[in-house]
$ cat coords-v6.tsv   # TSV, C-alpha atoms
chain	number	residue	atom	x	y	z
A	4	MET	CA	8.39	-19.66	-4.81
A	5	THR	CA	11.50	-21.73	-4.37
A	6	ASP	CA	12.58	-22.49	-0.82
A	7	GLU	CA	15.71	-20.51	-1.39
A	8	GLU	CA	13.72	-17.42	-2.24
A	9	PHE	CA	11.39	-17.94	0.70
A	10	THR	CA	14.23	-17.82	3.17
A	11	GLU	CA	14.80	-14.25	2.11
A	12	PHE	CA	11.87	-13.07	4.12
A	13	GLU	CA	11.60	-14.72	7.46
A	14	GLN	CA	8.69	-12.62	8.47
A	15	SER	CA	5.01	-13.16	8.92
A	16	ASP	CA	2.85	-13.57	5.84
A	17	LEU	CA	0.76	-10.67	7.04
A	18	SER	CA	3.62	-8.25	6.81
A	19	LEU	CA	4.70	-9.81	3.52
A	20	LEU	CA	1.25	-9.17	2.07
A	21	GLU	CA	1.21	-5.67	3.47
A	22	THR	CA	4.59	-5.06	1.86
A	23	LEU	CA	3.46	-6.38	-1.51
A	24	ASP	CA	0.50	-4.10	-1.21
A	25	HIS	CA	2.77	-1.11	-0.89
A	26	VAL	CA	5.47	-2.06	-3.35
A	27	LEU	CA	3.12	-3.20	-6.07
A	28	ASN	CA	0.60	-0.81	-7.41
A	29	ARG	CA	-2.80	-0.86	-5.78
A	30	GLY	CA	-4.39	0.78	-8.74
A	31	LEU	CA	-5.01	4.32	-7.63
A	32	VAL	CA	-5.66	5.28	-11.21
A	33	ILE	CA	-8.84	3.94	-12.69
A	34	ALA	CA	-7.43	2.60	-15.93
A	35	GLY	CA	-4.38	2.57	-18.08
A	36	GLU	CA	-0.81	2.09	-17.13
A	37	ILE	CA	0.79	1.90	-13.77
A	38	THR	CA	1.12	5.34	-12.26
A	39	ILE	CA	4.84	5.31	-11.65
A	40	SER	CA	5.36	5.12	-15.35
A	41	VAL	CA	7.45	7.96	-16.50
A	42	ALA	CA	6.14	9.16	-19.80
A	43	ASP	CA	9.07	8.15	-21.90
A	44	VAL	CA	9.37	5.91	-24.91
A	45	ASP	CA	12.27	4.02	-23.38
A	46	LEU	CA	10.32	2.97	-20.35
A	47	ILE	CA	8.71	-0.41	-20.20
A	48	PHE	CA	5.15	0.00	-19.07
A	49	ILE	CA	3.43	-2.45	-16.84
A	50	GLY	CA	-0.26	-2.91	-17.38
A	51	LEU	CA	-2.13	-2.24	-14.19
A	52	ASN	CA	-4.28	-5.32	-14.56
A	53	VAL	CA	-1.27	-7.57	-14.85
A	54	MET	CA	0.10	-6.06	-11.67
A	55	LEU	CA	-3.12	-6.46	-9.73
A	56	THR	CA	-3.45	-10.06	-10.88
A	57	SER	CA	0.05	-10.60	-9.64
A	58	VAL	CA	-0.82	-9.34	-6.16
A	59	GLU	CA	-3.89	-11.57	-6.03
A	60	THR	CA	-1.97	-14.67	-7.04
A	61	ALA	CA	0.71	-13.88	-4.48
A	62	ARG	CA	-2.04	-13.79	-1.85
A	63	GLU	CA	-3.35	-17.16	-3.06
A	64	VAL	CA	0.08	-18.75	-2.85
A	65	LEU	CA	0.63	-17.45	0.66
A	66	ARG	CA	-2.82	-18.52	1.82
A	67	GLU	CA	-2.28	-22.04	0.49
A	68	ARG	CA	1.09	-22.17	2.15
A	69	ASN	CA	-0.44	-21.01	5.39
A	70	LYS	CA	-3.01	-23.78	5.26
A	71	ALA	CA	-0.28	-26.34	4.62
A	72	VAL	CA	1.74	-25.10	7.58
A	73	THR	CA	-1.31	-25.13	9.85
A	74	SER	CA	-2.29	-28.67	8.89
A	75	ASP	CA	1.25	-29.87	9.49
A	76	GLU	CA	1.09	-28.78	13.08
B	21	MET	CA	20.62	-10.89	-24.41
B	22	PRO	CA	21.29	-7.21	-23.56
B	23	ASP	CA	20.44	-5.55	-20.30
B	24	ALA	CA	18.00	-2.87	-19.16
B	25	PHE	CA	18.01	-0.51	-16.18
B	26	TYR	CA	15.75	-1.08	-13.23
B	27	ILE	CA	15.03	2.10	-11.23
B	28	TYR	CA	14.33	2.10	-7.47
B	29	CYS	CA	14.18	5.68	-6.36
B	30	ILE	CA	15.28	9.21	-7.18
B	31	GLY	CA	17.06	11.70	-4.98
B	32	GLU	CA	19.80	14.28	-4.77
B	33	ARG	CA	23.00	13.05	-6.34
B	34	ASP	CA	25.26	14.22	-3.52
B	35	ALA	CA	23.16	12.52	-0.87
B	36	LEU	CA	22.81	9.23	-2.74
B	37	ALA	CA	26.35	8.81	-4.08
B	38	PRO	CA	28.01	7.88	-0.75
B	39	LEU	CA	25.17	5.46	0.06
B	40	VAL	CA	25.58	3.63	-3.24
B	41	ASP	CA	29.37	3.51	-2.72
B	42	GLU	CA	28.86	1.79	0.65
B	43	LYS	CA	27.34	-1.22	-1.16
B	44	GLN	CA	25.15	-2.09	1.81
B	45	ALA	CA	21.98	-2.80	-0.13
B	46	GLU	CA	21.40	-5.75	-2.48
B	47	ALA	CA	20.13	-5.20	-6.01
B	48	ILE	CA	16.96	-6.85	-7.27
B	49	GLU	CA	18.89	-9.47	-9.25
B	50	PRO	CA	21.79	-11.41	-7.72
B	51	GLN	CA	25.28	-10.77	-9.03
B	52	THR	CA	24.46	-7.21	-9.95
B	53	GLU	CA	25.18	-4.03	-8.05
B	54	LEU	CA	23.35	-0.82	-7.38
B	55	GLU	CA	24.59	2.17	-9.31
B	56	LEU	CA	23.71	5.80	-9.65
B	57	ILE	CA	22.49	7.35	-12.88
B	58	ALA	CA	22.75	11.12	-12.54
B	59	SER	CA	21.68	14.20	-14.38
B	60	ASP	CA	22.84	17.46	-12.83
B	61	GLU	CA	21.96	17.41	-9.14
B	62	LEU	CA	19.42	14.62	-9.39
B	63	ALA	CA	20.13	10.92	-9.58
B	64	ALA	CA	18.31	7.62	-9.79
B	65	VAL	CA	19.34	4.48	-7.90
B	66	ALA	CA	19.43	1.75	-10.53
B	67	SER	CA	20.73	-1.70	-11.31
B	68	VAL	CA	21.14	-3.70	-14.47
B	69	VAL	CA	18.52	-6.36	-15.20
B	70	PRO	CA	18.43	-8.91	-18.03
B	71	LEU	CA	15.99	-8.21	-20.83
B	72	SER	CA	15.30	-11.94	-20.92
B	73	ASP	CA	13.28	-11.37	-17.73
B	74	TYR	CA	12.54	-7.65	-17.80
B	75	GLY	CA	11.92	-7.02	-21.49
B	76	GLU	CA	8.39	-5.94	-22.25
B	77	GLU	CA	6.95	-9.34	-23.20
B	78	ALA	CA	9.15	-11.38	-20.90
B	79	PHE	CA	8.26	-9.15	-17.96
B	80	ALA	CA	4.53	-9.44	-18.58
B	81	ALA	CA	4.93	-13.22	-18.56
B	82	ARG	CA	7.04	-13.12	-15.38
B	83	LEU	CA	4.47	-10.98	-13.60
B	84	VAL	CA	1.97	-13.82	-13.78
B	85	ASP	CA	4.32	-15.84	-11.59
B	86	ALA	CA	3.47	-14.61	-8.12
B	87	THR	CA	6.48	-16.20	-6.48
B	88	TRP	CA	8.86	-14.54	-8.91
B	89	VAL	CA	7.22	-11.19	-8.27
B	90	ALA	CA	7.01	-11.56	-4.49
B	91	ALA	CA	10.73	-12.27	-4.11
B	92	ARG	CA	11.66	-9.27	-6.23
B	93	ALA	CA	9.08	-6.95	-4.75
B	94	MET	CA	10.60	-7.67	-1.33
B	95	ARG	CA	14.11	-6.92	-2.58
B	96	HIS	CA	12.83	-3.71	-4.11
B	97	GLU	CA	11.32	-2.73	-0.77
B	98	LYS	CA	14.56	-3.50	1.08
B	99	VAL	CA	16.53	-1.24	-1.25
B	100	LEU	CA	14.02	1.55	-0.75
B	101	GLU	CA	13.99	1.18	3.01
B	102	HIS	CA	17.76	1.33	3.05
B	103	PHE	CA	17.83	4.61	1.13
B	104	ALA	CA	14.72	6.14	2.69
B	105	GLU	CA	16.24	5.73	6.16
B	106	ARG	CA	19.38	7.58	5.11
B	107	ALA	CA	18.35	10.17	2.52
B	108	ASN	CA	15.41	12.01	1.04
B	109	ILE	CA	14.05	10.06	-1.87
B	110	VAL	CA	11.15	9.85	-4.25
B	111	PRO	CA	10.26	6.14	-4.08
B	112	LEU	CA	9.15	4.30	-7.20
B	113	ARG	CA	7.06	1.19	-7.05
B	114	PHE	CA	8.14	-2.18	-8.37
B	115	GLY	CA	8.74	-2.33	-12.10
B	116	ALA	CA	10.13	0.89	-13.57
B	117	ILE	CA	12.50	-0.29	-16.26
B	118	TYR	CA	14.44	1.71	-18.82
B	119	LEU	CA	15.97	0.20	-21.91
B	120	LYS	CA	18.80	2.71	-21.99
B	121	ARG	CA	20.80	4.72	-19.50
B	122	ALA	CA	20.09	7.80	-21.60
B	123	GLY	CA	16.35	7.26	-21.05
B	124	VAL	CA	16.90	7.62	-17.30
B	125	THR	CA	18.99	10.78	-17.56
B	126	ARG	CA	16.50	12.30	-19.97
B	127	MET	CA	13.64	11.56	-17.57
B	128	LEU	CA	15.63	13.12	-14.71
B	129	SER	CA	16.27	16.30	-16.65
B	130	GLU	CA	12.80	16.60	-18.19
B	131	LYS	CA	11.06	15.98	-14.86
B	132	SER	CA	13.64	17.87	-12.87
B	133	GLU	CA	11.24	20.54	-11.65
B	134	SER	CA	8.49	18.22	-10.43
B	135	LEU	CA	11.03	15.80	-8.96
B	136	ARG	CA	12.63	18.62	-6.97
B	137	ALA	CA	9.22	19.75	-5.76
B	138	LEU	CA	8.41	16.18	-4.69
B	139	LEU	CA	11.73	15.78	-2.90
B	140	HIS	CA	11.01	18.98	-1.06
B	141	ARG	CA	7.53	17.85	-0.10
B	142	LEU	CA	8.69	14.42	1.07
B	143	ARG	CA	11.69	15.66	3.03
B	144	ASP	CA	12.00	13.94	6.43
B	145	LYS	CA	8.63	12.28	5.98
B	146	GLU	CA	7.47	8.70	6.07
B	147	GLU	CA	4.28	6.96	5.11
B	148	TRP	CA	2.15	5.16	7.68
B	149	GLY	CA	-0.82	2.99	6.86
B	150	VAL	CA	-3.96	2.87	8.97
B	151	ASN	CA	-6.28	-0.06	8.36
B	152	ILE	CA	-9.71	0.27	9.94
B	153	PHE	CA	-11.59	-2.90	10.82
B	154	CYS	CA	-15.13	-3.10	12.13
B	155	ASP	CA	-16.82	-6.01	13.84
B	156	ARG	CA	-20.28	-5.45	12.38
B	157	ALA	CA	-22.10	-7.73	14.85
B	158	LYS	CA	-20.70	-5.73	17.74
B	159	LEU	CA	-21.54	-2.43	16.06
B	160	VAL	CA	-25.12	-3.50	15.34
B	161	GLU	CA	-25.52	-4.59	18.95
B	162	MET	CA	-24.27	-1.22	20.12
B	163	ILE	CA	-26.60	0.63	17.76
B	164	ALA	CA	-29.59	-1.39	18.94
B	165	MET	CA	-28.73	-0.51	22.51
B	166	LEU	CA	-28.21	3.21	21.92
B	167	SER	CA	-31.02	4.09	19.52
B	168	PRO	CA	-34.27	5.07	21.34
B	169	ALA	CA	-36.31	4.47	18.15
B	170	LEU	CA	-34.96	0.95	17.75
B	171	ARG	CA	-35.46	0.19	21.45
B	172	GLU	CA	-39.03	1.35	21.27
B	173	MET	CA	-39.70	-0.77	18.19
B	174	SER	CA	-38.20	-3.82	19.86
B	175	ALA	CA	-40.48	-3.29	22.83
B	176	ARG	CA	-43.50	-3.02	20.50
B	177	ALA	CA	-42.47	-6.17	18.67
B	178	GLY	CA	-42.31	-7.98	21.99
B	179	ALA	CA	-45.87	-6.98	22.78
B	180	SER	CA	-47.33	-7.65	19.30
B	181	SER	CA	-49.01	-10.63	17.70
B	182	ALA	CA	-46.73	-13.07	15.95
B	183	GLY	CA	-47.43	-11.68	12.45
B	184	GLN	CA	-46.93	-8.03	13.42
B	185	ALA	CA	-43.86	-8.88	15.46
B	186	TYR	CA	-42.31	-10.61	12.43
B	187	LEU	CA	-42.80	-7.53	10.26
B	188	LEU	CA	-41.48	-5.20	12.94
B	189	ARG	CA	-38.40	-7.36	13.44
B	190	LYS	CA	-37.71	-7.32	9.70
B	191	LYS	CA	-37.95	-3.54	9.77
B	192	ILE	CA	-35.68	-3.32	12.81
B	193	GLU	CA	-33.08	-5.50	11.09
B	194	GLY	CA	-33.08	-3.27	8.02
B	195	MET	CA	-32.77	-0.11	10.12
B	196	ARG	CA	-29.91	-1.56	12.10
B	197	ALA	CA	-28.00	-2.50	8.95
B	198	ASP	CA	-28.54	0.98	7.46
B	199	GLU	CA	-27.48	2.64	10.66
B	200	ALA	CA	-24.39	0.39	10.90
B	201	ARG	CA	-23.29	1.35	7.39
B	202	ALA	CA	-23.84	5.05	8.14
B	203	GLN	CA	-21.94	4.72	11.41
B	204	ILE	CA	-18.97	3.04	9.68
B	205	ARG	CA	-18.86	5.93	7.20
B	206	ARG	CA	-18.97	8.47	10.03
B	207	VAL	CA	-16.25	6.79	12.06
B	208	VAL	CA	-13.95	6.34	9.04
B	209	ALA	CA	-14.46	10.01	8.13
B	210	GLU	CA	-13.73	11.07	11.70
B	211	ILE	CA	-10.55	8.98	11.86
B	212	GLU	CA	-9.45	10.31	8.47
B	213	SER	CA	-10.05	13.92	9.43
B	214	ARG	CA	-8.51	13.67	12.90
B	215	LEU	CA	-5.40	11.85	11.64
B	216	SER	CA	-5.09	14.24	8.70
B	217	GLU	CA	-4.69	17.04	11.22
B	218	ALA	CA	-1.86	15.12	12.87
B	219	SER	CA	-0.09	14.44	9.55
B	220	ASP	CA	1.16	16.14	6.40
B	221	GLY	CA	-1.00	14.38	3.85
B	222	ALA	CA	-3.69	11.70	3.62
B	223	VAL	CA	-4.90	9.29	0.96
B	224	ARG	CA	-7.81	6.88	1.10
B	225	LEU	CA	-6.78	3.70	-0.69
B	226	ARG	CA	-9.15	1.74	-2.85
B	227	LEU	CA	-10.07	-1.61	-1.34
B	228	ARG	CA	-9.66	-4.53	-3.64
B	229	GLN	CA	-12.43	-7.07	-3.89
B	230	ALA	CA	-10.26	-9.98	-2.83
B	231	GLU	CA	-9.15	-7.98	0.18
B	232	THR	CA	-12.66	-7.39	1.45
B	233	ALA	CA	-13.60	-11.01	0.73
B	234	GLU	CA	-10.66	-12.13	2.83
B	235	HIS	CA	-11.23	-9.66	5.68
B	236	GLN	CA	-14.93	-9.03	5.81
B	237	ASP	CA	-14.45	-6.62	8.65
B	238	LEU	CA	-12.02	-4.39	6.73
B	239	ALA	CA	-13.76	-1.01	6.52
B	240	ALA	CA	-11.06	1.26	5.05
B	241	LYS	CA	-7.36	1.57	4.31
B	242	LEU	CA	-5.79	4.99	4.71
B	243	ALA	CA	-2.26	6.20	4.10
B	244	PHE	CA	-0.70	9.21	5.82
B	245	LEU	CA	2.41	11.20	5.12
B	246	ILE	CA	4.05	12.07	8.42
B	247	GLU	CA	7.06	14.10	9.30
B	248	ARG	CA	9.31	11.95	11.48
B	249	SER	CA	9.23	14.47	14.30
B	250	ARG	CA	5.43	14.36	14.37
B	251	PHE	CA	5.05	10.60	14.57
B	252	THR	CA	4.56	10.53	18.34
B	253	GLU	CA	1.73	13.00	17.97
B	254	PHE	CA	0.19	10.94	15.15
B	255	ARG	CA	0.47	7.71	17.08
B	256	ALA	CA	-1.12	9.22	20.16
B	257	ALA	CA	-4.02	10.49	18.06
B	258	ALA	CA	-4.45	7.03	16.48
B	259	GLU	CA	-4.40	5.33	19.86
B	260	GLU	CA	-6.94	7.75	21.26
B	261	LEU	CA	-9.27	7.11	18.29
B	262	ALA	CA	-8.80	3.36	18.62
B	263	ALA	CA	-9.70	3.50	22.30
B	264	SER	CA	-12.73	5.69	21.80
B	265	HIS	CA	-14.24	3.47	19.07
B	266	ALA	CA	-13.27	0.07	20.44
B	267	ARG	CA	-16.56	-0.40	22.28
B	268	SER	CA	-18.56	-0.15	19.08
B	269	GLY	CA	-16.46	-2.80	17.34
B	270	PHE	CA	-13.77	-0.75	15.59
B	271	ARG	CA	-10.13	-1.72	15.49
B	272	LEU	CA	-7.20	0.23	14.02
B	273	GLU	CA	-4.05	-1.29	12.61
B	274	LEU	CA	-1.01	0.89	12.09
B	275	THR	CA	1.60	-0.23	9.53
B	276	GLY	CA	4.89	1.40	8.62
B	277	ALA	CA	7.09	3.18	8.33
B	278	TRP	CA	6.92	2.92	4.53
B	279	PRO	CA	8.72	4.87	1.87
B	280	PRO	CA	6.03	7.35	0.79
B	281	TYR	CA	4.80	5.27	-2.17
B	282	ASN	CA	1.30	6.71	-2.03
B	283	PHE	CA	2.45	10.32	-2.08
B	284	VAL	CA	4.44	10.49	-5.29
B	285	GLU	CA	1.42	10.30	-7.53
B	286	ASP	CA	-0.90	13.07	-8.24
B	287	SER	CA	-3.21	13.48	-11.15
B	288	GLU	CA	-1.70	16.80	-12.16
B	289	GLN	CA	1.91	15.83	-12.19
B	290	LYS	CA	2.74	12.23	-12.72
B	291	ILE	CA	6.38	11.46	-12.56

$ encode --input "coords-v6.tsv" --output "structure tokens"
Amino acid sequence: MTDEEFTEFEQSDLSLLETLDHVLNRGLVIAGEITISVADVDLIFIGLNVMLTSVETAREVLRERNKAVTSDE
Amino acid sequence: MPDAFYIYCIGERDALAPLVDEKQAEAIEPQTELELIASDELAAVASVVPLSDYGEEAFAARLVDATWVAARAMRHEKVLEHFAERANIVPLRFGAIYLKRAGVTRMLSEKSESLRALLHRLRDKEEWGVNIFCDRAKLVEMIAMLSPALREMSARAGASSAGQAYLLRKKIEGMRADEARAQIRRVVAEIESRLSEASDGAVRLRLRQAETAEHQDLAAKLAFLIERSRFTEFRAAAEELAASHARSGFRLELTGAWPPYNFVEDSEQKI
């Protein structure tokens, strides 16, 4: 994340992760496409796996950043 | 490259129109503005997004970039919070994109009935998350203290020969672990049932592997739909449960208020 984008959320990483958890799909459906998908040919579908991977990598990034901040102190 | 339409939430046209006109909320991409796409009485809050980022293939590639996603997911949430605080909405999660405006209006008219039913169900309600954590060591200790059978076995182990004592201790360990797992299930079920009574809907969320690896004491994540006027009642019930299970190692974390993301999906009627 660029520094500029980080300044958008001056809140704790915990609440950031919790927010991502809500905004991104947790995968309530077992397989297939993301559940918000409206069945419509015009809609771009997001594969559930891609979305889950995205949440996991976001967690990684934040954890690494946390470590860096802690070791700076 | 042409644009597509990113959809945030759906609501009643008359309620949403003045809020969009106020221009108080920022769209997901800079230099674009929120707009309303309406069909009869229903409308979707939308904004234009470039297909170079949000087209099917481009978007899939972008989603691998966690930082790109995180920034936009947060903007999405801010838009939803803005509208959810001021109107009744059906919240959509991050990433509903239509190639054409007509696709949005068609969806609104085809799903009109279920959308209206959802709006009715979600009226004046918010989602609250309850995360249940359990300190297993503390729970096991408590179980060992309270179970007469386990106490008796411990006493026997103390008075046995080294070999017998070893076997008994192994058995005790196994029983404690079993009992701890059963107790966690019972407490989670009790919390779920008690808080369900104090709310208007409940969902047990699936725990992801990475989540449990990160927080080994995370026992369950629940989501509740709560009418705003009932929140005090809900909170009091949660606090009472937290207090009554604290001694055996349980801890409750309340998060919210969220737009009711977890209450717009049901297997019968996907929107």

$ interface_residues --input "coords-v6.tsv" --of "chain B" --to "chain A" --cutoff "9 Å" --atoms "only C-alpha atoms" --output "MDAnalysis selection string"
chainID B and resid 74:76 79:80 83:91 93:97 112:120 122:124 126:127 131 225:228 230:231 275 278:279 281:282 284:287 290:291

$ atom_distance --input "coords-v6.tsv" --atom1 "CA of Trp148 (chain B)" --atom2 "CA of Val223 (chain B)"
10.6 Å

$ atom_distance --input "coords-v6.tsv" --atom1 "CA of Lys145 (chain B)" --atom2 "CA of Thr252 (chain B)"
13.1 Å

$ residues_around --input "coords-v6.tsv" --residues "Arg196 (chain B)" --least-positions-apart "6" --cutoff "12 Å" --atoms "only C-alpha atoms" --output "PyMOL selection string"
chain B and resi 156-167+169-171+173-174+189-190+202-203

$ residues_around --input "coords-v6.tsv" --residues "Arg271 (chain B)" --least-positions-apart "6" --cutoff "9 Å" --atoms "all atoms listed in the file" --output "ChimeraX atom specification"
/B:151-155,262-263,265

$ atom_distance --input "coords-v6.tsv" --atom1 "CA of Arg33 (chain B)" --atom2 "CA of Ala222 (chain B)"
28.5 Å

$ closest_residue --input "coords-v6.tsv" --among "B:Ile30, B:Leu261, B:Ile204, B:Leu56" --to "Val110 (chain B)" --atoms "all atoms listed in the file"
B:Ile30

$ residues_around --input "coords-v6.tsv" --residues "Ala66 (chain B)" --least-positions-apart "3" --cutoff "10 Å" --atoms "all atoms listed in the file" --output "list in words"
Ala24, Phe25, Tyr26, Ile27, Tyr28, Cys29, Ile30, Val40, Ala47, Ile48, Glu53, Leu54, Glu55, Leu56, Ile57, Ala63, Val69, Ala116, Ile117, Tyr118, Arg121 and Val124 of chain B

$ residues_around --input "coords-v6.tsv" --residues "Phe244 (chain B)" --least-positions-apart "4" --cutoff "12 Å" --atoms "all atoms listed in the file" --output "PyMOL selection string"
chain B and resi 142+145-151+211-225+248+250-251+254-255+258+274-283

$ decode --input "coords-v6.tsv" --residues "region 37-118 of chain B" --atoms "C-alpha atoms" --output "compact mmCIF listing (two decimals), in the first residue's frame"
# COMPACT_ATOMS: atom_id res chain seq x y z
CA ALA B 37 -31.65 10.81 -3.86
CA PRO B 38 -31.15 13.69 -1.37
CA LEU B 39 -28.20 11.87 0.23
CA VAL B 40 -26.44 11.47 -3.11
CA ASP B 41 -27.14 15.14 -3.93
CA GLU B 42 -25.41 16.21 -0.70
CA LYS B 43 -22.12 14.81 -2.04
CA GLN B 44 -20.86 14.02 1.44
CA ALA B 45 -19.45 10.59 0.67
CA GLU B 46 -16.41 9.85 -1.50
CA ALA B 47 -16.61 7.34 -4.34
CA ILE B 48 -14.29 4.34 -4.52
CA GLU B 49 -12.11 5.96 -7.19
CA PRO B 50 -10.86 9.53 -6.87
CA GLN B 51 -12.20 12.14 -9.26
CA THR B 52 -15.49 10.34 -9.64
CA GLU B 53 -18.79 11.01 -7.92
CA LEU B 54 -21.55 8.90 -6.48
CA GLU B 55 -24.69 8.75 -8.54
CA LEU B 56 -28.05 7.08 -8.35
CA ILE B 57 -29.24 4.51 -10.86
CA ALA B 58 -32.98 4.10 -10.42
CA SER B 59 -35.73 1.84 -11.60
CA ASP B 60 -39.19 2.77 -10.36
CA GLU B 61 -39.02 3.26 -6.60
CA LEU B 62 -35.76 1.43 -6.12
CA ALA B 63 -32.29 2.78 -6.75
CA ALA B 64 -28.67 1.72 -6.51
CA VAL B 65 -25.86 3.96 -5.28
CA ALA B 66 -23.16 3.69 -7.93
CA SER B 67 -20.05 5.32 -9.31
CA VAL B 68 -18.13 5.01 -12.53
CA VAL B 69 -14.96 2.90 -12.46
CA PRO B 70 -12.40 2.36 -15.23
CA LEU B 71 -12.51 -1.00 -16.97
CA SER B 72 -8.71 -0.89 -17.03
CA ASP B 73 -8.90 -1.74 -13.31
CA TYR B 74 -12.38 -3.21 -12.91
CA GLY B 75 -12.80 -5.20 -16.11
CA GLU B 76 -13.09 -8.91 -15.55
CA GLU B 77 -9.43 -9.86 -16.14
CA ALA B 78 -7.96 -6.63 -14.85
CA PHE B 79 -10.00 -6.87 -11.67
CA ALA B 80 -8.91 -10.44 -10.98
CA ALA B 81 -5.30 -9.29 -11.32
CA ARG B 82 -5.90 -6.27 -9.06
CA LEU B 83 -7.49 -8.44 -6.38
CA VAL B 84 -4.18 -10.20 -5.85
CA ASP B 85 -2.74 -6.87 -4.73
CA ALA B 86 -3.82 -6.69 -1.11
CA THR B 87 -2.94 -3.04 -0.70
CA TRP B 88 -5.03 -2.05 -3.70
CA VAL B 89 -7.96 -4.02 -2.35
CA ALA B 90 -7.63 -2.82 1.24
CA ALA B 91 -7.73 0.87 0.28
CA ARG B 92 -10.83 0.36 -1.86
CA ALA B 93 -12.57 -1.96 0.56
CA MET B 94 -12.25 0.77 3.19
CA ARG B 95 -13.70 3.39 0.85
CA HIS B 96 -16.55 1.02 0.04
CA GLU B 97 -17.24 0.61 3.75
CA LYS B 98 -17.21 4.37 4.32
CA VAL B 99 -19.79 4.90 1.59
CA LEU B 100 -22.00 2.20 3.09
CA GLU B 101 -21.70 3.56 6.60
CA HIS B 102 -22.65 6.99 5.34
CA PHE B 103 -25.83 5.70 3.71
CA ALA B 104 -26.69 3.09 6.33
CA GLU B 105 -26.68 5.78 9.03
CA ARG B 106 -29.13 7.90 7.08
CA ALA B 107 -31.40 5.52 5.15
CA ASN B 108 -32.55 1.94 4.89
CA ILE B 109 -30.29 0.08 2.52
CA VAL B 110 -29.42 -3.35 1.27
CA PRO B 111 -25.61 -3.35 1.52
CA LEU B 112 -23.53 -5.07 -1.12
CA ARG B 113 -20.05 -6.29 -0.44
CA PHE B 114 -16.96 -5.06 -2.24
CA GLY B 115 -16.87 -5.78 -5.95
CA ALA B 116 -20.29 -5.69 -7.62
CA ILE B 117 -19.59 -4.22 -11.03
CA TYR B 118 -21.91 -3.75 -13.98
